[in-house]
file work.txt (compact mmCIF, C-alpha atoms)
# COMPACT_ATOMS: atom_id res chain seq x y z
CA MET A 3 40.83 49.61 -29.83
CA LYS A 4 39.26 49.83 -26.37
CA ASN A 5 39.65 53.60 -26.47
CA TRP A 6 37.00 53.86 -29.19
CA LEU A 7 33.72 55.32 -28.00
CA LEU A 8 30.52 54.07 -29.58
CA ARG A 9 27.22 55.41 -28.40
CA ALA A 10 23.80 55.49 -30.03
CA ILE A 11 21.03 57.72 -28.81
CA LEU A 12 17.48 57.31 -30.08
CA THR A 13 15.29 60.25 -29.04
CA SER A 14 12.06 61.38 -30.75
CA GLY A 15 12.98 59.45 -33.89
CA LEU A 16 16.57 60.82 -34.13
CA MET A 17 19.68 58.65 -33.77
CA LEU A 18 23.15 60.02 -33.06
CA LEU A 19 26.17 57.78 -33.69
CA CYS A 20 29.39 58.86 -31.96
CA LEU A 21 32.76 57.36 -32.81
CA ASN A 22 35.66 59.19 -31.11
CA ALA A 23 35.68 62.74 -32.52
CA THR A 24 33.70 61.84 -35.66
CA ALA A 25 29.90 62.29 -35.56
CA GLN A 26 27.15 61.61 -38.04
CA VAL A 27 23.58 62.82 -37.58
CA VAL A 28 20.84 60.75 -39.19
CA PRO A 29 18.44 63.08 -41.08
CA SER A 30 14.89 63.26 -39.79
CA SER A 31 13.61 61.96 -43.14
CA GLN A 32 15.39 58.65 -42.47
CA ALA A 33 14.68 58.44 -38.76
CA SER A 34 11.15 57.11 -39.21
CA GLU A 35 12.54 54.20 -41.21
CA LEU A 36 15.28 53.41 -38.69
CA LYS A 37 12.98 53.08 -35.64
CA ASN A 38 14.86 50.88 -33.11
CA ARG A 39 17.81 50.24 -35.42
CA PHE A 40 21.48 51.00 -34.88
CA ARG A 41 24.80 50.11 -36.46
CA ILE A 42 27.85 48.51 -34.86
CA ASP A 43 31.27 49.29 -36.27
CA HIS A 44 33.76 46.54 -37.06
CA MET A 45 36.24 48.10 -34.59
CA VAL A 46 34.12 47.26 -31.53
CA ASP A 47 35.28 44.27 -29.46
CA GLU A 48 32.57 44.41 -26.78
CA LEU A 49 29.60 46.62 -25.96
CA THR A 50 26.72 46.85 -23.51
CA LEU A 51 23.21 47.89 -24.51
CA PHE A 52 20.98 49.78 -22.06
CA VAL A 53 17.40 49.55 -23.38
CA GLN A 54 14.44 51.28 -21.71
CA ARG A 55 11.08 49.58 -22.32
CA GLU A 56 7.50 50.38 -21.45
CA TYR A 57 6.89 49.35 -17.84
CA GLY A 58 5.86 45.70 -17.56
CA SER A 59 6.51 44.85 -21.20
CA ALA A 60 8.41 41.77 -22.35
CA PRO A 61 12.18 41.87 -22.95
CA VAL A 62 13.21 43.01 -26.41
CA ILE A 63 14.23 40.70 -29.23
CA ILE A 64 17.57 41.43 -30.91
CA VAL A 65 17.87 40.99 -34.67
CA GLN A 66 21.45 40.70 -35.95
CA PRO A 67 22.65 41.96 -39.33
CA ASP A 68 22.30 38.45 -40.80
CA GLY A 69 18.66 38.25 -39.67
CA SER A 70 19.16 35.79 -36.79
CA LYS A 71 17.37 36.59 -33.54
CA TRP A 72 18.35 36.54 -29.88
CA TYR A 73 15.90 36.22 -26.99
CA VAL A 74 16.35 36.70 -23.26
CA SER A 75 15.88 32.92 -22.88
CA ARG A 76 17.88 31.91 -25.95
CA HIS A 77 21.18 33.50 -26.92
CA PRO A 78 24.86 32.53 -27.26
CA GLU A 79 27.17 32.20 -24.26
CA SER A 80 29.00 35.29 -25.47
CA VAL A 81 25.86 37.32 -24.66
CA GLN A 82 24.89 38.24 -21.09
CA TRP A 83 21.38 39.54 -20.50
CA VAL A 84 19.65 41.10 -17.49
CA ASP A 85 15.98 42.04 -17.81
CA GLY A 86 13.68 43.97 -15.48
CA LEU A 87 10.20 45.43 -15.50
CA SER A 88 11.29 48.53 -17.39
CA GLY A 89 14.50 47.70 -19.23
CA ASP A 90 17.24 45.37 -20.41
CA ILE A 91 21.01 45.39 -20.00
CA ILE A 92 22.74 43.27 -22.64
CA THR A 93 26.49 42.72 -23.01
CA ILE A 94 27.74 41.38 -26.35
CA LYS A 95 31.28 40.16 -26.99
CA SER A 96 32.65 40.44 -30.53
CA PRO A 97 29.40 41.74 -32.02
CA MET A 98 28.72 41.24 -35.72
CA PRO A 99 29.38 44.49 -37.63
CA GLY A 100 26.43 45.97 -39.45
CA PRO A 101 22.87 47.14 -38.80
CA TRP A 102 21.09 45.75 -35.74
CA GLN A 103 17.46 46.08 -34.72
CA LEU A 104 15.44 45.74 -31.51
CA LEU A 105 11.91 44.34 -31.55
CA GLY A 106 9.79 45.28 -28.56
CA LYS A 107 8.02 48.08 -26.75
CA VAL A 108 10.92 50.49 -26.40
CA ALA A 109 9.70 53.50 -24.39
CA LYS A 110 8.86 56.54 -26.46
CA GLY A 111 11.28 59.42 -26.02
CA SER A 112 13.87 57.11 -24.48
CA LYS A 113 17.37 56.42 -25.72
CA ILE A 114 19.34 53.30 -26.47
CA ASP A 115 22.80 53.58 -24.97
CA LYS A 116 25.65 51.54 -26.38
CA VAL A 117 28.77 51.60 -24.26
CA SER A 118 32.05 49.74 -24.58
CA LYS A 119 33.37 50.42 -21.08
CA LEU A 120 31.51 50.22 -17.75
CA GLY A 121 32.70 51.54 -14.40
CA ILE A 122 31.53 53.13 -11.16
CA GLU A 123 32.39 56.41 -9.52
CA VAL A 124 32.02 56.56 -5.72
CA ASP A 125 32.31 59.72 -3.63
CA PRO A 126 35.05 59.36 -1.01
CA MET A 127 33.92 59.03 2.59
CA PRO A 128 34.51 62.10 4.78
CA GLN A 129 37.15 61.63 7.44
CA PRO A 130 37.05 60.90 10.22
CA LEU A 131 33.58 59.34 10.61
CA TYR A 132 31.74 59.02 13.93
CA GLN A 133 29.49 56.31 15.25
CA GLY A 134 25.83 57.28 14.81
CA GLU A 135 26.65 59.87 12.14
CA ARG A 136 24.31 60.45 9.21
CA ILE A 137 26.19 61.07 5.97
CA LYS A 138 25.24 61.62 2.35
CA VAL A 139 27.60 60.17 -0.22
CA THR A 140 26.74 59.23 -3.79
CA ALA A 141 27.87 56.92 -6.58
CA LYS A 142 27.33 56.71 -10.31
CA LEU A 143 27.37 53.99 -12.94
CA LEU A 144 29.57 55.12 -15.84
CA GLY A 145 29.35 54.06 -19.45
CA ASP A 146 32.33 55.22 -21.46
CA GLU A 147 33.05 57.66 -18.62
CA GLN A 148 29.55 59.16 -18.87
CA ARG A 149 26.89 58.87 -16.17
CA MET A 150 24.30 56.24 -17.06
CA ARG A 151 20.71 57.28 -16.52
CA MET A 152 17.69 55.10 -17.22
CA PRO A 153 14.36 54.54 -15.43
CA GLY A 154 14.42 51.21 -13.64
CA LEU A 155 18.22 51.09 -13.47
CA ASP A 156 17.92 50.99 -9.69
CA TYR A 157 16.36 47.51 -10.01
CA LEU A 158 18.86 46.21 -12.56
CA VAL A 159 22.02 46.92 -10.55
CA ASP A 160 22.65 45.74 -6.99
CA TRP A 161 24.80 48.10 -4.91
CA THR A 162 26.39 46.92 -1.66
CA ALA A 163 28.54 48.83 0.84
CA LYS A 164 30.92 46.95 3.16
CA PHE A 165 33.26 47.73 6.04
CA ILE A 166 36.24 45.36 6.19
CA SER A 167 38.14 45.49 9.47
CA GLU A 168 41.89 46.02 9.29
CA HIS A 169 42.26 44.07 12.57
CA ARG A 170 44.40 46.63 14.34
CA PRO A 171 45.10 45.84 18.00
CA GLY A 172 43.27 48.19 20.34
CA ASP A 173 40.44 48.93 17.90
CA GLU A 174 36.94 47.88 18.89
CA ASN A 175 36.52 46.27 15.48
CA PHE A 176 39.60 44.06 15.84
CA ALA A 177 37.56 40.85 15.39
CA ALA A 178 34.70 42.36 13.39
CA GLY A 179 35.61 40.93 9.97
CA THR A 180 33.45 42.09 7.06
CA LEU A 181 30.26 44.07 7.81
CA ILE A 182 27.46 44.83 5.35
CA VAL A 183 26.66 48.46 6.24
CA GLY A 184 24.19 49.52 3.56
CA SER A 185 23.59 50.13 -0.11
CA TYR A 186 23.12 52.85 -2.72
CA LYS A 187 19.66 53.64 -4.14
CA ASP A 188 18.31 55.85 -6.91
CA ASN A 189 14.66 55.82 -5.83
CA GLY A 190 14.13 59.39 -4.57
CA GLU A 191 13.63 58.20 -0.98
CA GLY A 192 15.61 59.04 2.15
CA LEU A 193 18.64 61.12 1.29
CA ASP A 194 18.36 60.43 -2.46
CA GLY A 195 17.40 63.62 -4.25
CA ALA A 196 15.46 62.37 -7.28
CA PRO A 197 14.58 58.93 -8.66
CA ASP A 198 16.17 57.59 -11.84
CA ASP A 199 18.61 60.48 -12.25
CA GLY A 200 21.63 58.18 -12.33
CA ILE A 201 22.91 59.42 -8.95
CA PHE A 202 22.79 56.64 -6.36
CA THR A 203 22.76 57.84 -2.75
CA ALA A 204 24.16 55.80 0.12
CA ASP A 205 22.19 54.58 3.10
CA ILE A 206 25.08 53.69 5.42
CA ASN A 207 24.62 52.42 8.98
CA LEU A 208 27.51 53.79 11.04
CA ASN A 209 26.43 52.14 14.28
CA GLN A 210 29.37 49.77 14.00
CA PRO A 211 32.40 49.01 16.20
CA TRP A 212 34.88 51.87 15.91
CA GLY A 213 38.30 51.38 14.36
CA HIS A 214 40.10 51.27 11.02
CA TYR A 215 38.24 49.83 8.03
CA ARG A 216 38.56 49.25 4.32
CA PHE A 217 35.42 50.74 2.72
CA LEU A 218 34.30 48.78 -0.35
CA VAL A 219 31.38 49.54 -2.69
CA SER A 220 30.31 46.99 -5.31
CA ALA A 221 27.82 47.35 -8.17
CA LYS A 222 26.94 44.12 -9.91
CA ASN A 223 24.42 41.95 -11.64
CA SER A 224 24.74 38.80 -13.74
CA ILE A 225 26.47 40.81 -16.51
CA PHE A 226 29.12 42.86 -14.72
CA SER A 227 30.71 43.53 -11.35
CA ARG A 228 32.58 46.69 -10.41
CA GLU A 229 34.18 47.70 -7.11
CA ALA A 230 35.62 50.88 -5.61
CA GLY A 231 36.60 52.01 -2.14
CA GLY A 232 39.27 53.28 0.19
CA ASP A 233 40.53 53.34 3.76
CA ILE A 234 38.46 55.01 6.48
CA VAL A 235 38.53 55.56 10.24
CA LEU A 236 35.38 55.27 12.33
CA LEU A 237 35.70 57.04 15.70
CA PRO A 238 33.58 56.51 18.83
CA MET A 239 30.48 58.62 19.34
CA PRO A 240 31.78 62.05 20.49
CA VAL A 241 28.70 62.61 22.70
CA SER A 242 27.65 60.46 25.67
CA LEU A 243 24.37 60.54 27.60
CA SER A 244 23.34 59.23 31.01
CA VAL A 245 20.10 59.49 33.00
CA ILE A 246 20.20 60.83 36.57
CA ALA A 247 17.30 59.79 38.80
CA PRO A 248 16.03 62.22 41.48
CA GLU A 249 16.07 61.33 45.18
CA ASP A 250 12.28 61.28 45.15
CA PRO A 251 11.15 59.98 41.74
CA LEU A 252 7.54 60.99 42.44
CA LYS A 253 8.25 64.62 43.30
CA GLY A 254 11.71 65.31 41.87
CA ARG A 255 12.69 65.86 38.25
CA TRP A 256 14.80 63.54 36.15
CA GLN A 257 17.95 64.82 34.47
CA VAL A 258 20.12 63.87 31.49
CA GLU A 259 23.86 64.40 31.73
CA VAL A 260 25.47 65.26 28.38
CA ILE A 261 29.22 65.00 27.86
CA VAL A 262 30.74 66.37 24.64
CA ASP A 263 34.21 65.39 23.47
CA ASP A 264 35.62 68.88 22.85
CA GLU A 265 38.68 67.37 21.18
CA GLN A 266 36.40 66.26 18.35
CA LEU A 267 33.56 68.83 18.28
CA GLN A 268 33.45 72.61 18.61
CA LEU A 269 31.28 73.40 21.64
CA ALA A 270 30.16 76.75 20.26
CA ASN A 271 28.83 75.07 17.12
CA THR A 272 27.22 72.07 18.80
CA HIS A 273 23.44 72.05 19.21
CA PHE A 274 21.08 69.42 20.57
CA GLU A 275 17.44 68.54 20.22
CA PHE A 276 15.99 65.97 22.58
CA GLU A 277 12.57 64.34 22.55
CA LEU A 278 10.89 62.88 25.63
CA VAL A 279 8.40 60.12 24.80
CA GLY A 280 6.28 58.58 27.52
CA PRO A 281 2.93 56.97 28.41
CA ALA A 282 -0.46 58.56 27.66
CA GLY A 283 0.89 59.94 24.36
CA LEU A 284 3.54 62.16 25.95
CA GLN A 285 5.89 63.65 23.33
CA LEU A 286 7.91 66.74 24.24
CA THR A 287 10.69 68.43 22.23
CA LEU A 288 13.60 69.88 24.23
CA PRO A 289 16.03 72.00 22.18
CA VAL A 290 19.44 72.94 23.60
CA GLN A 291 21.11 75.73 21.63
CA ASN A 292 23.95 77.20 23.68
CA ILE A 293 26.67 74.98 25.14
CA THR A 294 29.49 76.52 27.13
CA ASP A 295 30.82 73.46 28.94
CA LYS A 296 31.57 70.01 27.65
CA ARG A 297 29.64 68.55 30.61
CA MET A 298 26.11 69.74 31.29
CA GLN A 299 22.89 68.51 32.88
CA LEU A 300 19.53 68.88 31.19
CA THR A 301 16.56 68.89 33.56
CA LEU A 302 13.54 67.12 32.12
CA PRO A 303 9.95 68.31 32.63
CA GLN A 304 8.04 66.91 35.59
CA VAL A 305 6.59 63.48 34.84
CA SER A 306 3.70 62.00 36.78
CA GLU A 307 2.31 59.14 34.69
CA PHE A 308 3.59 55.75 35.77
CA GLY A 309 5.29 53.79 32.99
CA SER A 310 8.33 53.73 30.71
CA TYR A 311 9.95 56.88 29.27
CA ARG A 312 12.34 57.19 26.33
CA ILE A 313 14.78 59.98 25.51
CA LYS A 314 15.80 60.42 21.87
CA GLY A 315 18.14 63.06 20.54
CA ILE A 316 20.23 64.41 17.69
CA ALA A 317 23.31 66.59 17.71
CA ALA A 318 24.14 69.05 14.92
CA ALA A 319 27.79 69.97 15.37
CA THR A 320 30.97 71.04 13.65
CA SER A 321 34.13 68.99 14.05
CA VAL A 322 37.38 70.62 15.07
CA SER A 323 38.50 70.20 11.45
CA GLY A 324 35.49 72.25 10.29
CA ARG A 325 33.31 69.44 8.91
CA GLU A 326 29.57 69.61 9.58
CA VAL A 327 28.37 66.57 11.52
CA LEU A 328 24.86 65.29 12.27
CA LEU A 329 24.67 62.59 14.96
CA THR A 330 21.80 60.38 16.04
CA LEU A 331 22.34 59.91 19.78
CA PRO A 332 21.75 56.57 21.51
CA GLU A 333 18.34 56.34 23.16
CA LYS A 334 18.04 56.33 26.94
CA PHE A 335 15.23 54.93 29.08
CA PHE A 336 13.86 55.27 32.60
CA ASN A 337 10.76 54.01 34.40
CA LEU A 338 8.45 55.78 36.84
CA VAL A 339 6.93 53.11 39.08
CA PRO A 340 4.27 53.58 41.78
CA PRO A 341 5.47 53.45 45.42
CA PRO A 342 4.91 50.21 47.36
CA GLU A 343 1.68 50.08 49.39
CA PRO A 344 2.02 50.45 53.21
CA PRO A 345 1.81 47.23 55.29
CA PRO A 346 -1.67 46.41 56.71
CA THR A 347 -2.55 47.35 60.32
CA ALA A 348 -3.41 44.87 63.12
CA GLU A 349 -7.13 45.45 62.59
CA GLU A 350 -6.74 44.86 58.87
CA LEU A 351 -4.72 41.71 59.50
CA ALA A 352 -7.41 40.46 61.93
CA ALA A 353 -10.14 41.22 59.40
CA ILE A 354 -8.16 39.43 56.67
CA ALA A 355 -7.66 36.43 58.97
CA ALA A 356 -11.35 36.35 59.86
CA LYS A 357 -12.30 36.58 56.21
CA LYS A 358 -9.95 33.74 55.36
CA ALA A 359 -11.37 31.64 58.23
CA ALA A 360 -14.93 32.31 57.04
CA ILE A 361 -13.96 31.35 53.53
CA ALA A 362 -12.27 28.17 54.79
CA GLU A 363 -15.32 27.27 56.93
CA ALA A 364 -17.69 27.85 54.03
CA LYS A 365 -15.48 25.73 51.82
CA ALA A 366 -15.42 22.93 54.42
CA LYS A 367 -19.22 23.00 54.66
CA ASP A 368 -19.53 22.92 50.93
CA ASP A 369 -17.11 20.00 50.74
CA ALA A 370 -18.99 18.08 53.48
CA MET A 371 -22.34 18.69 51.80
CA PHE A 372 -20.88 17.59 48.51
CA TRP A 373 -19.61 14.31 49.91
CA ILE A 374 -22.87 13.63 51.83
CA ILE A 375 -24.91 14.15 48.69
CA THR A 376 -22.48 12.12 46.65
CA VAL A 377 -22.47 9.15 49.09
CA ASN A 378 -26.25 9.13 49.52
CA LEU A 379 -26.81 9.39 45.81
CA THR A 380 -24.34 6.55 45.24
CA LEU A 381 -26.08 4.35 47.83
CA LEU A 382 -29.47 5.14 46.30
CA ILE A 383 -28.28 4.21 42.86
CA LEU A 384 -26.64 0.98 44.11
CA GLY A 385 -29.78 0.02 46.12
CA THR A 386 -32.01 0.66 43.14
CA LEU A 387 -29.78 -1.46 40.93
CA ALA A 388 -29.74 -4.30 43.54
CA LEU A 389 -33.56 -4.23 43.86
CA LEU A 390 -33.94 -4.36 40.10
CA VAL A 391 -31.57 -7.33 39.89
CA TRP A 392 -33.37 -9.20 42.73
CA ARG A 393 -36.79 -8.66 41.17
CA LYS A 394 -35.55 -9.85 37.82
CA ARG A 395 -34.16 -13.01 39.44
CA GLN A 396 -37.45 -13.70 41.28
CA ASN A 397 -39.46 -13.24 38.12
CA LEU A 398 -37.08 -15.56 36.33
CA LYS A 399 -37.50 -18.26 39.01
CA GLN A 400 -41.32 -18.03 38.82
CA ALA A 401 -41.24 -18.24 35.08
CA LEU A 402 -39.01 -21.30 35.23
CA ALA A 403 -41.33 -23.02 37.77
CA VAL A 404 -44.42 -22.39 35.66
CA THR A 405 -42.66 -23.67 32.60
CA ALA A 406 -41.56 -26.85 34.42
CA ALA A 407 -45.12 -27.54 35.61
CA ARG A 408 -46.49 -27.18 32.13
CA LEU A 409 -43.91 -29.57 30.79
CA GLU A 410 -44.86 -32.19 33.43
CA GLU A 411 -48.55 -31.94 32.55
CA GLU A 412 -47.88 -32.35 28.87
CA ARG A 413 -45.61 -35.35 29.50
CA ALA A 414 -48.27 -37.03 31.67
CA LYS A 415 -50.92 -36.65 29.01
CA GLU A 416 -48.74 -38.29 26.43
CA MET A 417 -47.97 -41.39 28.69
CA GLY A 418 -51.70 -42.26 29.48
CA PRO A 419 -53.32 -42.98 32.91
CA THR A 420 -51.08 -44.00 35.70
CA LEU A 421 -51.65 -46.83 38.26
CA ASP A 422 -53.08 -44.37 40.65
CA GLU A 423 -55.76 -43.42 38.15
CA ILE A 424 -56.92 -47.12 37.49
CA ASP A 425 -59.94 -48.39 39.69
CA LEU A 426 -58.96 -51.91 40.85
CA THR A 427 -62.36 -52.56 42.42
CA MET A 428 -64.16 -52.66 39.10
CA PRO A 429 -65.14 -56.31 37.97
CA GLU A 430 -63.67 -57.69 34.84
CA GLU A 431 -65.75 -58.07 31.71
CA GLY A 432 -66.16 -61.96 32.05
CA GLU A 433 -67.38 -61.77 35.52
CA GLN A 434 -70.00 -59.22 34.61
CA LYS A 435 -71.45 -61.51 31.90
CA ALA A 436 -71.66 -64.55 34.28
CA THR A 437 -73.74 -62.66 36.62
call {"tool": "encode", "arguments": {"input": "work.txt", "output": "structure tokens"}}
result
Amino acid sequence: MKNWLLRAILTSGLMLLCLNATAQVVPSSQASELKNRFRIDHMVDELTLFVQREYGSAPVIIVQPDGSKWYVSRHPESVQWVDGLSGDIITIKSPMPGPWQLLGKVAKGSKIDKVSKLGIEVDPMPQPLYQGERIKVTAKLLGDEQRMRMPGLDYLVDWTAKFISEHRPGDENFAAGTLIVGSYKDNGEGLDGAPDDGIFTADINLNQPWGHYRFLVSAKNSIFSREAGGDIVLLPMPVSLSVIAPEDPLKGRWQVEVIVDDEQLQLANTHFEFELVGPAGLQLTLPVQNITDKRMQLTLPQVSEFGSYRIKGIAAATSVSGREVLLTLPEKFFNLVPPPEPPPTAEELAAIAAKKAAIAEAKAKDDAMFWIITVNLTLLILGTLALLVWRKRQNLKQALAVTAARLEEERAKEMGPTLDEIDLTMPEEGEQKAT
């Protein structure tokens, strides 16, 4: 039953239903009525729908033969649904036989693929691999053993490439474990030839510890997960570089020593291109075409600007087994620093000492003047405050004395004349009448 192939293609209003070797073409007079409709045979146990929509449109709505509807947010557990900006991937277990329909903005001129079997096909890795090598290997998502192709599929399937160490004693990767080394993309960037053509191209980072690995590629989303891989060997970089400094860095010329492993690469078919990058926008290309010895020294152009320099390079070679190899060489650095200044003479030392003494004397005078002004100003402020306090106290005493005198006068007036104010020599009233 799983060997049955069911595939529906909707293109320009025509639908083609394929079932093993039997085919039926829907006439064009009926195609306009079918629109986004298709039929599922009763022999199908499971299928996956690949639906291409207009970019940014909402996920489609599925209408079953009995009229019930499924949505991306509401569907049975037997249905798995992945939606993106430009398409849907829907897996249905034990689908209901009969006519189905999709409601939504299905892209014009696109096709609706119905597949009953999903898998991946991964190109084998070339052997052996080298650290720093750039390789192009591809993979495909297969539906019923046919390459799946749909715009936006790159965003609906997550590809991951792993190196799993085999932990062989003596290998550099003995304790490396599992390494995520890259992915496969169908976006037309980097080494990928064209976007959305169904051919996913690897972007693998081979700057990993050398040794024996298990190479594993997985393609998955919330609907499915598929894996493929094999055993590989990653060898050390077959080219080594080292920088040789001249005896006189200011007048001599720097060199780069290049050592090629002739047991891995054919010297006659090995070519280099180096790039010297330095300060003040320096960028020089240094090609090396003919190599006759596995050890050679490349003399760099004269450099005069002080600063940091970087040497980048690639090697296009052929392995001893005849495989074409492109290597990105490890970068090397060197610095051109100015020479130290000569020590000062006795006269210069004396002048420096005199200048320091003058500065110290001027500083001492400034400090003394500062403290004199500060002390005098402090004394002036304190004296002024003391004078103000004394004057206020004197004024207060005078005011109190005046107030006390006034109170005494008022009290005396209220009590009448005192004995001192009475004239005792005045005769009494009786005596004055007798006289």
call {"tool": "residues_around", "arguments": {"input": "work.txt", "residues": "Gly106 in chain A", "least_positions_apart": "6", "cutoff": "10 Å", "atoms": "all atoms listed in the file", "output": "mmCIF file with C-alpha atoms, keeping the file's coordinate frame"}}
result
data_model
loop_
_atom_site.group_PDB
_atom_site.id
_atom_site.type_symbol
_atom_site.label_atom_id
_atom_site.label_comp_id
_atom_site.auth_asym_id
_atom_site.auth_seq_id
_atom_site.Cartn_x
_atom_site.Cartn_y
_atom_site.Cartn_z
ATOM 1 C CA ASN A 38 14.860 50.880 -33.110
ATOM 2 C CA ARG A 55 11.080 49.580 -22.320
ATOM 3 C CA GLU A 56 7.500 50.380 -21.450
ATOM 4 C CA SER A 59 6.510 44.850 -21.200
ATOM 5 C CA ALA A 60 8.410 41.770 -22.350
ATOM 6 C CA PRO A 61 12.180 41.870 -22.950
ATOM 7 C CA VAL A 62 13.210 43.010 -26.410
ATOM 8 C CA ILE A 63 14.230 40.700 -29.230
ATOM 9 C CA ILE A 64 17.570 41.430 -30.910
#
call {"tool": "atom_distance", "arguments": {"input": "work.txt", "atom1": "CA of Lys334 in chain A", "atom2": "CA of Met298 in chain A"}}
result
16.2 Å
call {"tool": "atom_distance", "arguments": {"input": "work.txt", "atom1": "CA of Arg228 in chain A", "atom2": "CA of Asp43 in chain A"}}
result
26.0 Å
call {"tool": "closest_residue", "arguments": {"input": "work.txt", "among": "A:Ile201, A:Leu236, A:Ile374, A:Leu120", "to": "Asp173 in chain A", "atoms": "only C-alpha atoms"}}
result
A:Leu236
call {"tool": "closest_residue", "arguments": {"input": "work.txt", "among": "A:Glu259, A:Glu350, A:Glu123, A:Glu265", "to": "Leu300 in chain A", "atoms": "all atoms listed in the file"}}
result
A:Glu259
call {"tool": "closest_residue", "arguments": {"input": "work.txt", "among": "A:Ser88, A:Gln304, A:Gln396, A:Thr140", "to": "Lys187 in chain A", "atoms": "all atoms listed in the file"}}
result
A:Thr140
call {"tool": "residues_around", "arguments": {"input": "work.txt", "residues": "Asp263 in chain A", "least_positions_apart": "3", "cutoff": "9 Å", "atoms": "all atoms listed in the file", "output": "list in words"}}
result
Met239, Pro240, Val241, Ser242, Gln266, Leu267, Gln268, Leu269 and Lys296 of chain A
call {"tool": "axis_aligned_box", "arguments": {"input": "work.txt", "around": "range 129-136 of chain A", "padding_each_side": "6 Å", "output": "AutoDock Vina command-line options"}}
result
--center_x 30.7 --center_y 59.0 --center_z 11.3 --size_x 24.8 --size_y 17.3 --size_z 19.8
call {"tool": "residues_near_point", "arguments": {"input": "work.txt", "point": "(10.1, 62.8, 28.9)", "cutoff": "8 Å", "atoms": "all atoms listed in the file", "output": "list in words"}}
result
Glu277, Leu278, Val279, Gly280, Leu284, Gln285, Leu286, Leu302, Pro303, Val305, Tyr311, Arg312 and Ile313 of chain A
call {"tool": "closest_residue", "arguments": {"input": "work.txt", "among": "A:Ala353, A:Ala230, A:Leu288, A:Val322", "to": "Ala270 in chain A", "atoms": "only C-alpha atoms"}}
result
A:Val322
call {"tool": "closest_atom_pairs", "arguments": {"input": "work.txt", "of": "range 202-278 of chain A", "to": "range 126-131 of chain A", "cutoff": "8 Å", "atoms": "all atoms listed in the file", "output": "CSV"}}
result
residue,atom,partner,partner_atom,distance
A:Gly231,CA,A:Pro126,CA,7.6
A:Gly232,CA,A:Pro126,CA,7.5
A:Ile234,CA,A:Gln129,CA,6.8
A:Val235,CA,A:Pro130,CA,5.5
A:Leu236,CA,A:Leu131,CA,4.8
A:Leu237,CA,A:Leu131,CA,6.0
call {"tool": "closest_residue", "arguments": {"input": "work.txt", "among": "A:Gly309, A:Leu193, A:Tyr132, A:Ile206", "to": "Pro238 in chain A", "atoms": "all atoms listed in the file"}}
result
A:Tyr132
call {"tool": "atom_distance", "arguments": {"input": "work.txt", "atom1": "CA of Phe202 in chain A", "atom2": "CA of Leu51 in chain A"}}
result
20.2 Å
call {"tool": "residues_around", "arguments": {"input": "work.txt", "residues": "His273 in chain A", "least_positions_apart": "5", "cutoff": "12 Å", "atoms": "only C-alpha atoms", "output": "list in words"}}
result
Val241, Val260, Val262, Leu267, Gln268, Leu288, Pro289, Val290, Gln291, Asn292, Ile293, Thr294, Lys296, Gly315, Ile316, Ala317, Ala318, Ala319, Thr320, Glu326, Val327, Leu328 and Leu329 of chain A
call {"tool": "closest_residue", "arguments": {"input": "work.txt", "among": "A:Glu147, A:Glu135, A:Glu410, A:Asp205", "to": "Trp161 in chain A", "atoms": "all atoms listed in the file"}}
result
A:Asp205
